[in-house]
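See structure below.
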Amino acid sequence: MNIHEFQAKEIFSRYGIPVPRGIVVSTPAEAKAATKEMGGQSVVKAQIHAGGRGKSGGVQLTRSPEEAEVAAQRMLGSNLVTPQTGPEGAPVDKLLIEELADIKNELYVALTIDRGHRGPVMLVSTQGGMDIEEVAANDPQDIYTEPVDPLMGLMPFQTRRLVRKLGLDQAVASDAAKVLNALYRVFVDNDCSLVEINPLIITGDDRVVALDAKINLDDDSMFRHADLKEYRDISQENALEAQAADLNIAYVNLDGDVGCLVNGAGLAMATLDVTTAAGAAPANFLDVGGGATPEKVSSAVKIILSDPKVRRVLVNIFGGILRCDIAGEGIVLAYNETGSKIPLVVRMLGTNVVEGKKILGDSGLSVVFADTLTEAAEAIQQIKV
Ligand code: GDP
Ligand code: MN
């Protein structure tokens, strides 16, 4: 789960990581008042679940309350497109109004899970404020990686090494070390998959401040973080993905036009691979799960059909715990309720396959049956859309 910058900064504050003074607003008048509160100058920051705002007009330094009001007018209600949002952008309905910082030095600090190391790694770079992907591509030697033993935690010698890699002088070294240690506690306590500060700044008067904050929470740990669940902002999520999550259907929206209905995550992955190999492009990953009812299958199909990109639907069901007749009923239910005419290719095997195919065959829908996944993918590829 992704959360907003202002929420991540709330968490940082609880752990003693210094952040700029700030006020969250949702109207231009509030932005103006908040800027007055900050002494007449501020940074106006669009709150979306993506970075790259600085380059895309989502972060503006303002020199007067009126200027902040105008900036807020421009941003609020808009759809901000940044290099990280994709072309559809993300809606801006909240702004963080912060006091202006006096930046002497911009650093990069992050913690994430490294699969190779099988544990957390802390990443630091003196090239903060930049696109870290660009630094990784052009100056990889400028990013230092410290693997952390999850049982030992971040050890003092590691913190000292990281501070040294950041090239910090004596005046700020101990404060920077405190921030790194606190960041590690944020990461572990909250079951984060990513914590990133870009930039972590050194101010003109030698304070260490998190100017930006990004936190990704591990969805599978949300059951033990009731308080963090409150941070969810559905308006920032893909609408279909949010709907699927509420129905407990594993669904990821993709770019193609082939809607895919599959039971089992592994089978769904294989279906995407074989479909792509046949020259067609999947519109989604969808695992409807094992114990699905006709209603749940129908909900899954409706999610697929309500994606405007979808022109054809590939069904790949291996009937076991989910029987083929239940799947067939669910598909017909969804098509009848939506009145959709989108053609189907169906590959079904396993429990009650004869009944399942009969339900679909008698339904009057445009269905092509295939025996193998390869044949199904080829049949889908041949449907002219
Ligand atoms: P992002 O582009 O979405 O990652 O948003 P950031 O919060 O990182 O802001 C982008 C850039 O705006 C930062 O790297 C800073 O260079 C600049 N910026 C943000 N706040 C301030 C501020 O208070 N003072 C100054 N001078 N620059 C700021
Ligand atoms: Mn940033």
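Chain lettering (A, B, ...) mirrors the order of the structure tokens, residue numbering begins at 1 for each chain separately, and ligand numbering begins at 1 in order of display.
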Exercise for the section: Check which residues fall inside 12 Å of ligand 2 when counting only C-alpha atoms and all ligand atoms, and print them as JSON, numbers by chain. Expected result: {"A": [5, 45, 46, 47, 48, 49, 50, 51, 52, 53, 54, 55, 56, 58, 59, 82, 84, 106, 107, 108, 109, 110, 127, 128, 129, 130, 131, 132, 195, 196, 197, 198, 199, 200, 201, 210, 211, 212, 213, 214, 215]}
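Neighbouring residues of Tyr231 of chain A at 9 Å or closer, counting only C-alpha atoms and skipping chain neighbours under 6 positions away, are Asn2, Ile3, His4 and Gln7 of chain A.
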Exercise for the section: Report as a count of residues only: the residues of segment 84-128 of chain A with a DSSP assignment of strand (DSSP E or B), based on the backbone of this structure. Expected result: 25
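Counting from atom CA of Lys302 of chain A, the distance to atom CA of Ala280 of chain A is 21.1 Å.
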Fill in the blank from the handout: Judged by only C-alpha atoms, the minimum distance to Ile321 of chain A among A:Cys192, A:Ala292, A:Val186, A:Leu373 is found for A:Ala292
Exercise for the section: as an MDAnalysis selection string, list the residues of segment 290-357 of chain A assigned to alpha helix (DSSP H) by DSSP on the backbone atoms of this structure. Expected result: chainID A and resid 294:305 324:338 353:357
